[in-house]
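The file work35.cif contains mmCIF, C-alpha atoms and all ligand atoms:
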```
data_target
loop_
_atom_site.label_atom_id
_atom_site.label_comp_id
_atom_site.auth_asym_id
_atom_site.auth_seq_id
_atom_site.Cartn_x
_atom_site.Cartn_y
_atom_site.Cartn_z
CA MET N 1 0.00 0.00 0.00
CA PRO N 2 1.93 3.09 -1.17
CA ASP N 3 1.41 6.02 1.15
CA PRO N 4 -0.42 9.07 -0.19
CA LEU N 5 2.77 11.10 -0.33
CA ASP N 6 4.53 8.49 -2.43
CA ARG N 7 1.64 8.28 -4.80
CA ARG N 8 1.28 12.00 -5.20
CA ARG N 9 4.97 12.42 -5.87
CA PHE N 10 5.03 9.42 -8.12
CA LEU N 11 2.25 10.82 -10.26
CA SER N 12 3.68 14.32 -10.46
CA GLN N 13 7.25 13.31 -11.17
CA SER N 14 6.86 10.43 -13.52
CA ALA N 15 4.19 11.83 -15.81
CA ALA N 16 6.72 12.39 -18.56
CA LEU N 17 8.15 8.92 -18.20
CA VAL N 18 5.11 6.69 -17.88
CA PRO N 19 1.54 7.76 -18.30
CA LEU N 20 0.22 5.08 -15.97
CA ALA N 21 0.25 4.01 -12.34
CA ALA N 22 2.70 1.52 -10.88
CA GLY N 23 0.41 -1.49 -11.06
CA GLY N 24 -0.70 -0.81 -14.61
CA ALA N 25 2.83 -0.86 -15.95
CA ALA N 26 3.31 -4.52 -15.22
CA ALA N 27 0.10 -5.52 -16.92
CA ALA N 28 0.63 -3.25 -19.92
CA ALA N 29 4.24 -4.19 -20.63
CA PRO N 30 4.33 -7.69 -22.10
CA ALA N 31 8.14 -7.77 -22.27
CA PRO N 32 9.20 -10.71 -20.09
CA THR N 33 12.37 -8.76 -19.38
CA ASP N 34 11.87 -6.13 -16.73
CA GLU N 35 9.33 -7.57 -14.35
CA PRO N 36 7.83 -4.54 -12.51
CA VAL N 37 5.66 -6.62 -10.22
CA PRO N 38 3.08 -4.85 -8.11
CA PRO N 39 3.08 -4.01 -5.21
CA LEU N 40 6.50 -2.54 -6.01
CA ILE N 41 6.31 1.19 -6.78
CA LEU N 42 7.55 2.11 -10.24
CA ARG N 43 10.02 5.01 -9.96
CA GLN N 44 11.55 4.79 -13.40
CA HIS N 45 10.53 2.82 -16.44
CA ASP N 46 13.69 2.62 -18.53
CA PRO N 47 15.87 1.41 -16.96
CA VAL N 48 13.42 -0.13 -14.54
CA ASN N 49 13.68 1.16 -10.95
CA LEU N 50 11.27 -0.15 -8.35
CA GLU N 51 10.71 0.86 -4.76
CA MET N 52 9.72 -1.33 -1.85
CA PRO N 53 6.27 -0.34 -0.52
CA PHE N 54 7.76 0.64 2.85
CA ALA N 55 4.36 1.31 4.43
CA SER N 56 3.59 -2.42 4.14
CA LEU N 57 6.79 -3.45 5.97
CA ASP N 58 5.72 -6.43 8.05
CA SER N 59 8.64 -8.85 8.06
CA PHE N 60 12.34 -8.98 8.92
CA VAL N 61 13.20 -10.55 5.56
CA THR N 62 11.68 -8.75 2.59
CA PRO N 63 9.87 -11.07 0.16
CA ILE N 64 11.50 -10.95 -3.30
CA GLU N 65 8.27 -9.45 -4.72
CA HIS N 66 8.72 -6.46 -2.36
CA PHE N 67 12.51 -6.05 -2.68
CA TYR N 68 13.50 -2.75 -4.33
CA VAL N 69 15.30 -2.79 -7.68
CA ARG N 70 17.98 -0.24 -8.61
CA ASN N 71 19.35 -0.30 -12.17
CA HIS N 72 21.50 2.22 -14.01
CA PHE N 73 21.36 0.45 -17.37
CA ALA N 74 19.00 -2.03 -19.04
CA GLN N 75 18.93 -5.33 -17.18
CA PRO N 76 21.11 -7.82 -19.05
CA THR N 77 20.11 -11.42 -19.65
CA VAL N 78 22.94 -13.63 -18.55
CA ASP N 79 22.87 -17.31 -19.50
CA ALA N 80 23.89 -19.15 -16.33
CA ALA N 81 24.91 -22.23 -18.35
CA THR N 82 27.65 -20.44 -20.29
CA TRP N 83 28.40 -17.66 -17.77
CA LYS N 84 31.87 -17.53 -16.23
CA LEU N 85 33.34 -15.40 -13.48
CA LYS N 86 36.75 -14.05 -14.42
CA VAL N 87 39.29 -13.30 -11.70
CA GLU N 88 42.30 -11.41 -13.04
CA GLY N 89 44.73 -8.55 -12.54
CA GLU N 90 47.27 -8.79 -9.71
CA VAL N 91 46.81 -12.51 -9.11
CA GLU N 92 49.13 -15.52 -9.36
CA ARG N 93 46.57 -17.66 -11.22
CA PRO N 94 43.86 -15.91 -13.27
CA LEU N 95 40.62 -17.90 -13.01
CA GLU N 96 37.48 -18.47 -15.01
CA LEU N 97 34.92 -20.12 -12.75
CA THR N 98 31.63 -21.64 -13.87
CA LEU N 99 28.54 -21.50 -11.70
CA ASP N 100 28.88 -25.24 -11.04
CA GLU N 101 32.41 -24.74 -9.77
CA LEU N 102 31.30 -21.87 -7.54
CA HIS N 103 28.38 -23.94 -6.18
CA LYS N 104 30.89 -26.58 -5.06
CA LEU N 105 32.88 -24.16 -2.89
CA PRO N 106 31.89 -23.86 0.81
CA SER N 107 28.91 -21.52 1.03
CA GLN N 108 27.77 -18.97 3.59
CA THR N 109 24.36 -17.48 4.29
CA ALA N 110 23.83 -14.03 5.76
CA THR N 111 20.84 -11.75 6.26
CA VAL N 112 21.92 -8.38 4.91
CA THR N 113 20.05 -5.10 4.40
CA LEU N 114 20.69 -3.23 1.16
CA GLU N 115 19.96 0.47 1.04
CA CYS N 116 20.46 2.62 -2.03
CA ALA N 117 22.57 5.69 -1.21
CA GLY N 118 19.84 7.75 -2.91
CA ASN N 119 17.05 6.38 -0.69
CA GLY N 120 14.84 9.19 0.64
CA ARG N 121 15.99 11.64 -2.04
CA VAL N 122 12.41 12.80 -2.67
CA PHE N 123 12.55 14.53 0.73
CA LEU N 124 15.43 16.78 -0.38
CA GLU N 125 15.03 20.04 -2.28
CA LYS N 126 15.43 19.44 -6.02
CA ALA N 127 17.93 16.61 -5.72
CA HIS N 128 19.09 15.05 -8.97
CA GLY N 129 18.47 11.32 -9.55
CA VAL N 130 15.75 8.70 -9.13
CA GLN N 131 13.15 10.19 -6.77
CA TRP N 132 13.12 7.48 -4.14
CA GLY N 133 10.71 7.73 -1.20
CA GLN N 134 11.48 5.66 1.89
CA GLY N 135 11.62 2.27 0.21
CA ALA N 136 14.94 1.98 -1.64
CA VAL N 137 15.90 -0.35 1.20
CA SER N 138 15.16 -4.05 1.75
CA THR N 139 16.56 -7.07 3.56
CA ALA N 140 17.20 -10.57 2.22
CA GLU N 141 18.90 -13.78 3.20
CA TRP N 142 21.78 -14.21 0.78
CA THR N 143 23.76 -17.39 0.11
CA GLY N 144 27.02 -17.56 -1.76
CA VAL N 145 30.78 -17.88 -1.67
CA PRO N 146 32.99 -15.50 0.30
CA LEU N 147 34.98 -13.34 -2.12
CA ALA N 148 38.05 -13.93 0.07
CA ALA N 149 37.89 -17.68 -0.71
CA VAL N 150 37.82 -17.02 -4.46
CA LEU N 151 40.70 -14.55 -4.18
CA LYS N 152 42.68 -17.08 -2.17
CA ARG N 153 42.37 -19.60 -5.02
CA ALA N 154 43.64 -17.01 -7.46
CA GLY N 155 46.47 -15.94 -5.14
CA ILE N 156 46.66 -12.21 -4.47
CA ARG N 157 49.99 -10.62 -5.36
CA ALA N 158 51.74 -8.25 -2.99
CA GLY N 159 50.76 -4.67 -3.72
CA ALA N 160 47.09 -5.38 -4.44
CA VAL N 161 44.95 -2.67 -2.83
CA GLU N 162 41.45 -3.11 -4.23
CA VAL N 163 39.21 -5.41 -6.21
CA VAL N 164 37.05 -3.98 -8.96
CA LEU N 165 33.69 -5.71 -9.32
CA GLU N 166 32.31 -5.50 -12.86
CA GLY N 167 28.78 -6.27 -14.04
CA ALA N 168 27.49 -7.51 -17.40
CA ASP N 169 25.19 -4.51 -17.84
CA GLN N 170 26.41 -1.56 -19.86
CA GLY N 171 25.29 1.75 -21.26
CA ALA N 172 26.03 5.44 -21.67
CA PHE N 173 24.64 8.50 -19.85
CA THR N 174 24.16 11.30 -22.32
CA ASP N 175 23.26 13.93 -19.68
CA GLU N 176 25.92 15.52 -17.49
CA PRO N 177 27.83 14.06 -15.85
CA LYS N 178 28.29 11.99 -19.01
CA THR N 179 29.94 8.59 -19.00
CA PRO N 180 33.03 8.16 -21.19
CA GLY N 181 30.97 6.45 -23.88
CA THR N 182 29.50 3.04 -23.19
CA ILE N 183 30.71 1.57 -19.92
CA HIS N 184 29.92 -1.42 -17.73
CA TYR N 185 28.58 -0.92 -14.22
CA ALA N 186 31.62 -1.32 -11.95
CA ARG N 187 32.67 -0.43 -8.45
CA SER N 188 35.75 -1.18 -6.32
CA VAL N 189 36.17 -2.37 -2.75
CA PRO N 190 39.44 -2.19 -0.75
CA MET N 191 41.13 -5.50 0.14
CA ALA N 192 40.69 -4.72 3.85
CA THR N 193 36.91 -4.35 3.40
CA VAL N 194 36.73 -7.69 1.59
CA ARG N 195 38.19 -9.35 4.68
CA GLU N 196 36.59 -7.27 7.43
CA ARG N 197 33.04 -7.19 6.11
CA GLY N 198 33.02 -10.66 4.60
CA VAL N 199 32.09 -9.65 1.05
CA LEU N 200 29.87 -12.37 -0.39
CA LEU N 201 29.38 -13.51 -3.98
CA ALA N 202 25.73 -14.48 -3.77
CA TYR N 203 23.83 -16.88 -6.01
CA ARG N 204 20.75 -17.37 -3.83
CA MET N 205 18.29 -14.88 -2.34
CA ASN N 206 15.73 -15.93 0.27
CA GLY N 207 16.48 -19.58 -0.53
CA GLN N 208 15.78 -19.20 -4.26
CA PRO N 209 18.14 -18.89 -7.22
CA LEU N 210 19.06 -15.21 -7.53
CA PRO N 211 16.33 -13.52 -9.63
CA ARG N 212 17.33 -11.69 -12.79
CA ALA N 213 16.44 -8.23 -11.42
CA HIS N 214 18.80 -8.84 -8.49
CA GLY N 215 21.77 -9.89 -10.61
CA SER N 216 21.51 -13.53 -11.64
CA PRO N 217 23.50 -15.69 -11.74
CA MET N 218 25.79 -13.93 -9.23
CA ARG N 219 26.08 -10.61 -7.42
CA ALA N 220 28.37 -9.15 -4.80
CA LEU N 221 27.25 -8.04 -1.34
CA VAL N 222 29.29 -5.72 0.84
CA PRO N 223 27.58 -6.02 4.25
CA GLY N 224 26.97 -2.63 5.84
CA TRP N 225 27.77 -0.61 2.74
CA TYR N 226 25.26 1.25 0.62
CA GLY N 227 23.93 -0.76 -2.31
CA MET N 228 26.13 0.71 -5.05
CA ALA N 229 28.98 -1.70 -4.23
CA ALA N 230 26.70 -4.76 -4.40
CA VAL N 231 27.45 -5.29 -8.10
CA LYS N 232 24.87 -7.41 -9.92
CA TRP N 233 25.37 -9.72 -12.93
CA LEU N 234 29.00 -10.05 -11.87
CA THR N 235 31.33 -11.07 -14.71
CA ARG N 236 34.78 -9.96 -13.64
CA ILE N 237 36.82 -9.40 -10.53
CA LEU N 238 39.88 -7.33 -11.28
CA VAL N 239 42.58 -7.05 -8.61
CA VAL N 240 44.34 -3.68 -8.85
CA THR N 241 47.39 -1.98 -7.31
CA ARG N 242 45.98 1.54 -7.44
CA PRO N 243 42.58 2.78 -6.22
CA PHE N 244 39.98 2.51 -8.99
CA LEU N 245 38.31 5.85 -9.82
CA GLY N 246 35.40 4.60 -11.92
CA TYR N 247 32.31 6.59 -12.82
CA PHE N 248 30.14 5.08 -10.07
CA GLN N 249 32.46 6.19 -7.27
CA THR N 250 33.55 9.62 -8.50
CA LEU N 251 31.02 11.42 -10.70
CA ASN N 252 28.27 9.34 -9.08
CA TYR N 253 27.95 8.02 -5.51
CA SER N 254 30.43 10.44 -3.98
CA TYR N 255 30.17 13.18 -1.36
CA PHE N 256 32.28 15.90 0.23
CA GLU N 257 34.29 15.22 3.34
CA ARG N 258 35.95 18.16 5.06
CA THR N 259 39.46 17.96 6.43
CA ALA N 260 41.04 21.08 7.91
CA GLY N 261 38.34 23.14 6.25
CA LEU N 262 38.91 21.66 2.79
CA PRO N 263 36.10 19.71 1.15
CA SER N 264 37.39 16.66 -0.70
CA MET N 265 35.44 14.13 -2.79
CA LYS N 266 35.05 10.68 -1.28
CA ALA N 267 33.37 7.58 -2.60
CA ILE N 268 30.31 6.53 -0.60
CA THR N 269 30.88 3.44 1.53
CA ALA N 270 29.24 2.51 4.88
CA ILE N 271 25.55 3.01 5.62
CA GLU N 272 24.70 5.84 8.01
CA VAL N 273 22.60 5.08 11.10
CA LYS N 274 18.93 5.58 10.28
CA SER N 275 15.39 4.66 11.24
CA ALA N 276 12.25 5.01 9.19
CA ILE N 277 8.59 4.93 10.16
CA ALA N 278 6.51 2.49 8.11
CA ARG N 279 3.16 3.34 9.70
CA PRO N 280 1.52 5.70 10.15
CA THR N 281 2.31 7.29 6.81
CA GLU N 282 2.40 10.99 5.94
CA GLY N 283 -1.16 12.33 5.98
CA GLU N 284 -2.67 9.20 7.53
CA VAL N 285 -5.83 9.65 9.59
CA VAL N 286 -5.26 8.18 13.05
CA PRO N 287 -8.24 7.54 15.38
CA ALA N 288 -8.12 10.13 18.22
CA GLY N 289 -8.09 8.78 21.76
CA LYS N 290 -7.20 5.22 20.72
CA PRO N 291 -4.00 3.17 21.02
CA TYR N 292 -1.89 3.00 17.84
CA THR N 293 1.23 0.93 17.21
CA VAL N 294 3.81 3.05 15.38
CA HIS N 295 6.32 0.76 13.67
CA GLY N 296 9.29 0.77 11.36
CA ALA N 297 12.89 -0.37 10.91
CA ALA N 298 16.32 0.95 11.88
CA TRP N 299 19.75 0.07 10.49
CA SER N 300 23.41 1.07 10.48
CA GLY N 301 26.48 0.02 8.52
CA ALA N 302 28.39 -0.04 11.80
CA GLY N 303 26.35 -3.03 12.97
CA ARG N 304 23.94 -3.31 15.87
CA ILE N 305 21.16 -0.82 16.60
CA ALA N 306 21.36 0.18 20.27
CA LYS N 307 18.07 2.08 20.51
CA VAL N 308 15.25 3.73 18.63
CA GLU N 309 13.38 6.65 20.15
CA VAL N 310 10.04 8.03 19.01
CA SER N 311 8.57 11.50 19.41
CA THR N 312 4.86 12.10 18.91
CA ASP N 313 5.04 15.82 19.71
CA GLY N 314 7.25 17.18 16.96
CA GLY N 315 10.55 16.41 18.67
CA HIS N 316 9.91 17.96 22.12
CA SER N 317 9.95 14.67 23.99
CA TRP N 318 11.30 11.23 23.09
CA SER N 319 10.50 7.73 24.39
CA ALA N 320 12.18 4.42 23.72
CA ALA N 321 10.61 2.18 21.10
CA LYS N 322 10.70 -1.60 21.53
CA LEU N 323 13.20 -3.42 19.31
CA VAL N 324 11.52 -6.53 17.94
CA GLY N 325 12.35 -9.53 15.74
CA PRO N 326 15.77 -10.97 14.90
CA GLU N 327 19.04 -9.14 15.38
CA GLN N 328 21.77 -9.73 12.78
CA PRO N 329 25.00 -7.76 12.36
CA PHE N 330 24.26 -6.19 8.97
CA ALA N 331 20.48 -6.32 8.84
CA TRP N 332 17.90 -3.79 9.90
CA ARG N 333 16.15 -4.11 13.25
CA LEU N 334 12.38 -3.84 13.36
CA TRP N 335 10.87 -1.70 16.11
CA GLU N 336 7.47 -0.68 17.40
CA PHE N 337 6.09 1.96 19.71
CA HIS N 338 2.83 1.92 21.59
CA TRP N 339 1.19 5.31 21.20
CA ASP N 340 -1.87 6.42 23.15
CA ALA N 341 -3.06 8.87 20.52
CA PRO N 342 -4.49 12.01 22.16
CA ALA N 343 -8.26 12.49 22.18
CA THR N 344 -8.05 15.99 20.72
CA ALA N 345 -8.55 16.15 16.97
CA GLY N 346 -5.86 17.84 14.87
CA PRO N 347 -2.38 17.26 13.48
CA ALA N 348 0.41 15.37 15.26
CA VAL N 349 4.05 15.22 14.20
CA LEU N 350 5.84 11.89 14.62
CA MET N 351 9.58 11.23 14.41
CA ALA N 352 11.90 8.30 15.00
CA ARG N 353 15.62 8.43 15.63
CA ALA N 354 18.06 5.55 15.92
CA THR N 355 21.38 5.17 17.74
CA ASP N 356 23.84 2.43 16.81
CA ALA N 357 26.24 0.41 18.97
CA GLN N 358 29.03 2.89 18.18
CA GLY N 359 26.93 5.62 19.78
CA ARG N 360 26.14 7.42 16.53
CA THR N 361 22.67 8.99 16.52
CA GLN N 362 20.68 9.99 13.46
CA PRO N 363 21.12 13.71 12.77
CA MET N 364 18.13 16.06 13.02
CA HIS N 365 19.29 18.12 10.04
CA ARG N 366 20.45 17.50 6.53
CA ASP N 367 24.16 17.85 5.76
CA PRO N 368 24.44 19.38 2.25
CA ASP N 369 27.96 17.95 1.83
CA ARG N 370 26.25 14.63 1.25
CA ARG N 371 24.88 16.00 -2.03
CA ALA N 372 21.97 13.79 -3.23
CA TYR N 373 23.05 10.76 -1.16
CA MET N 374 22.94 9.29 2.35
CA VAL N 375 19.63 10.81 3.37
CA SER N 376 19.62 9.77 7.02
CA HIS N 377 18.37 12.78 8.96
CA VAL N 378 15.16 12.51 11.01
CA LEU N 379 12.10 12.92 8.79
CA PRO N 380 8.93 14.17 10.53
CA ILE N 381 5.61 12.59 9.60
CA THR N 382 2.41 14.58 10.08
CA VAL N 383 -0.77 12.62 10.77
CA THR N 384 -4.32 13.81 11.41
CA LEU N 385 -6.02 12.74 14.63
CA ARG N 386 -9.74 12.41 14.06
N1 LIG A 1 25.58 -4.42 -12.39
C1 LIG A 1 24.94 -3.55 -11.59
N2 LIG A 1 25.01 -3.70 -10.27
C2 LIG A 1 24.37 -2.85 -9.44
C3 LIG A 1 23.65 -1.75 -9.95
C4 LIG A 1 23.57 -1.60 -11.35
O1 LIG A 1 22.94 -0.68 -11.89
N3 LIG A 1 24.23 -2.52 -12.15
N4 LIG A 1 23.05 -0.86 -9.06
C5 LIG A 1 23.64 -0.82 -7.72
C6 LIG A 1 22.87 -0.02 -6.76
S1 LIG A 1 23.09 1.65 -6.82
C7 LIG A 1 22.10 -0.62 -5.80
S2 LIG A 1 21.33 0.35 -4.63
C8 LIG A 1 21.92 -2.08 -5.72
C9 LIG A 1 20.45 -2.47 -5.75
O2 LIG A 1 20.29 -3.85 -5.70
P1 LIG A 1 18.86 -4.47 -6.03
O3 LIG A 1 18.43 -3.99 -7.38
O4 LIG A 1 19.00 -5.94 -5.92
O5 LIG A 1 17.94 -3.94 -4.96
O6 LIG A 1 22.58 -2.74 -6.81
C10 LIG A 1 23.83 -2.21 -7.15
N5 LIG A 1 24.45 -3.07 -8.11
MO MO A 2 21.96 2.59 -5.12
#
```

As C-alpha cells - that is how I would like this structure written.
Amino acid sequence: MPDPLDRRRFLSQSAALVPLAAGGAAAAAPAPTDEPVPPLILRQHDPVNLEMPFASLDSFVTPIEHFYVRNHFAQPTVDAATWKLKVEGEVERPLELTLDELHKLPSQTATVTLECAGNGRVFLEKAHGVQWGQGAVSTAEWTGVPLAAVLKRAGIRAGAVEVVLEGADQGAFTDEPKTPGTIHYARSVPMATVRERGVLLAYRMNGQPLPRAHGSPMRALVPGWYGMAAVKWLTRILVVTRPFLGYFQTLNYSYFERTAGLPSMKAITAIEVKSAIARPTEGEVVPAGKPYTVHGAAWSGAGRIAKVEVSTDGGHSWSAAKLVGPEQPFAWRLWEFHWDAPATAGPAVLMARATDAQGRTQPMHRDPDRRAYMVSHVLPITVTLR
C-alpha cells in the first residue's frame, strides 16, 4: 500500500516517463524482461527502478516481490549455463569459474540489508536522480561464496589494494555528468573491506536462485555498505594496485568530506545510522483517543542498533521504542512503539531516531555535503487525529 505522499509524488514526477500508475505498468508491458511486479512502486521505467512499498513493511526478511530494484542500465540477460566469473589482474593464477564450480565451494548465508545511497531523495530540495521515497531499502537472506575464498584460489599478489567488481550490464549516460561512452557498471572495494566485512558472492536470495532483477546468476554483497557496491550480474573481478576511480564512485555516488576546512570528494561506503517509520504514513488519519502501534525499521552500517526513540510531539519529547524480531550484524532491526493517541482532533508530528552500537545517533538536520546521497536525517511525519 503506497502512502499518499509516495503516490502523489510518483504521479507528479513520472508523468513524462510513464503515463500510468505503478500497477498498470506490469500488466501493460508484455516484455518478459523487466518484471515490474506490483506491489512494487515504479520510480523509473527505462531502466526499470522499483521501490519497496515501505508502508507495508511487516517482516524482517523482505519477500522478493517487495525487494527494491535499482538499475543504471537495461537489465542484461545472462545465460547461467555459459556464464563464467573471471578473476584477473594482480593474481598468481587468473581464473574463469563456472557457476557449477562456484556452487561446489563452501557456502555462507547471511541476512543483509541493502539500502540505495539515494534512498529518501524525494525529501530533499530538487535533488538530482531517481526520486526514491522511503523504500529503496530491503533485507534478504543471501547465500554464496565468500569473495576472500575465491581470491585465495587465485592468489593475491603483494601490492594489491582493491578489487574492482564488474557487471554484465552496460550503457552510456548522455546527460551531465556523461559517462566516457558506453561503460559497464563497476565499483571497487578495498582488500581490507573484503576481509573485514566478509564480502559475499551471492547466487541465492531468500532460498531461491538469484532472480534476474537482483543480478543472476551472481552478485556481490558488501555487508553494511550502501547498495552501489553490491554489483549485480557479476562477470569480472579485477585485482588492482591503485585505487579505482570509476564513474560510479567519482562522478556518481560520492560526497564531500571536510578535512582542515577543505572539502574533498570521497566515494560513498558505509551506511549511516537511520530509522524510518513504516506506519503511520504521511497524511494518515489516526483515530483520536485510541491506542496506535507506530512501527518501522532501523539500520546502520556499523552493525547493531542500540536504541530507537520516538517523538509524537514534533521532537519535544522522546520515548524508547521496543526493538523486535531478529538481530543480525548487517540487517535492519524492526521496532514498534505503543502510542496512546491524544483524544483531541488535529495534526500530530511523529519522528523516530536511531542510535547504533558505536553511539552514533541519526542527525536532526540535513548535511548538504552529502549532495543527493545518504539521506539519514530525522524525517517528521504529520498525521491527522480524528
Ligand atoms: N551491475 C549492476 N550492479 C548494481 C547496480 C547496477 O545498476 N548494475 N546498481 C547498484 C545499486 S546503486 C544498488 S542500490 C543495488 C540495488 O540492488 P537491487 O536492485 O537488488 O535492490 O545494486 C547495485 N548493483
Ligand atoms: Mo543505489

Using only C-alpha atoms and all ligand atoms, which residues of the polymer chains come no farther than 7 Å from ligand MO 2 (chain A)? I'd like the answer as a PyMOL selection string.
chain N and resi 70+115-118+226-228

Test item: residues no farther than 8 Å from ligand LIG 1 (chain A), counting all atoms listed in the file, as a PyMOL selection string
chain N and resi 49+67-73+75+114-118+136-138+166-169+184-186+213-215+219-220+226-234

Axis-aligned box over every listed atom of stretch 346-349 of chain N, padded by 6 Å per side: centre and edges in Å to one decimal, as AutoDock Vina command-line options?
```
--center_x -0.9 --center_y 16.5 --center_z 14.4 --size_x 21.9 --size_y 14.6 --size_z 13.8
```

Distance query N:Lys307 at most 9 Å, all atoms listed in the file, self and fewer than 5 positions along chain excluded, as an MDAnalysis selection string:
chainID N and resid 298 320:323 353:357

Could you give me, as a list in words, the residues within 12 Å of N:Leu99, counting all atoms listed in the file and dropping anything in the same chain fewer than 6 positions from it?
Val78, Asp79, Ala80, Ala81, Thr82, Trp83, Lys84, Leu85, Lys86, Leu105, Gly144, Val145, Leu201, Ala202, Tyr203, Arg204, Pro209, Ser216, Pro217, Met218, Arg219, Leu234 and Thr235 of chain N

Separation of atom CA of N:Gly129 from atom CA of N:Ala172 in Å:
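Rounded to one decimal, the two atoms are 15.4 Å apart.
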
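Closest approach to N:Phe256 from the set N:Phe123, N:Tyr373, N:Phe60, N:Phe337 is made by N:Tyr373, with distances taken over only C-alpha atoms.
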
Using only C-alpha atoms, which of the listed residues (N:Ala306, N:Val383, N:Met265, N:Ala154) sits closest to N:Pro342?
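Result for the nearest residue to N:Pro342: N:Val383.
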
Taking into account only C-alpha atoms, which residue in the set N:Pro380, N:Gly346, N:Gly301, N:Pro47 is nearest to N:Arg360?
N:Gly301

Which polymer residues, whether protein, DNA or RNA, lie within 6 Å of the coordinate (23.3, 3.7, 8.0) when you count all atoms listed in the file? List them as a PyMOL selection string, using the chain letters and numbers from the file.
chain N and resi 271-274+299-301

Using C-alpha atoms, can you export the residues from the last selection as a tab-separated table (two decimals), in the coordinates of the input?
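New file part23.tsv:
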```
chain	number	residue	atom	x	y	z
N	271	ILE	CA	25.55	3.01	5.62
N	272	GLU	CA	24.70	5.84	8.01
N	273	VAL	CA	22.60	5.08	11.10
N	274	LYS	CA	18.93	5.58	10.28
N	299	TRP	CA	19.75	0.07	10.49
N	300	SER	CA	23.41	1.07	10.48
N	301	GLY	CA	26.48	0.02	8.52
```
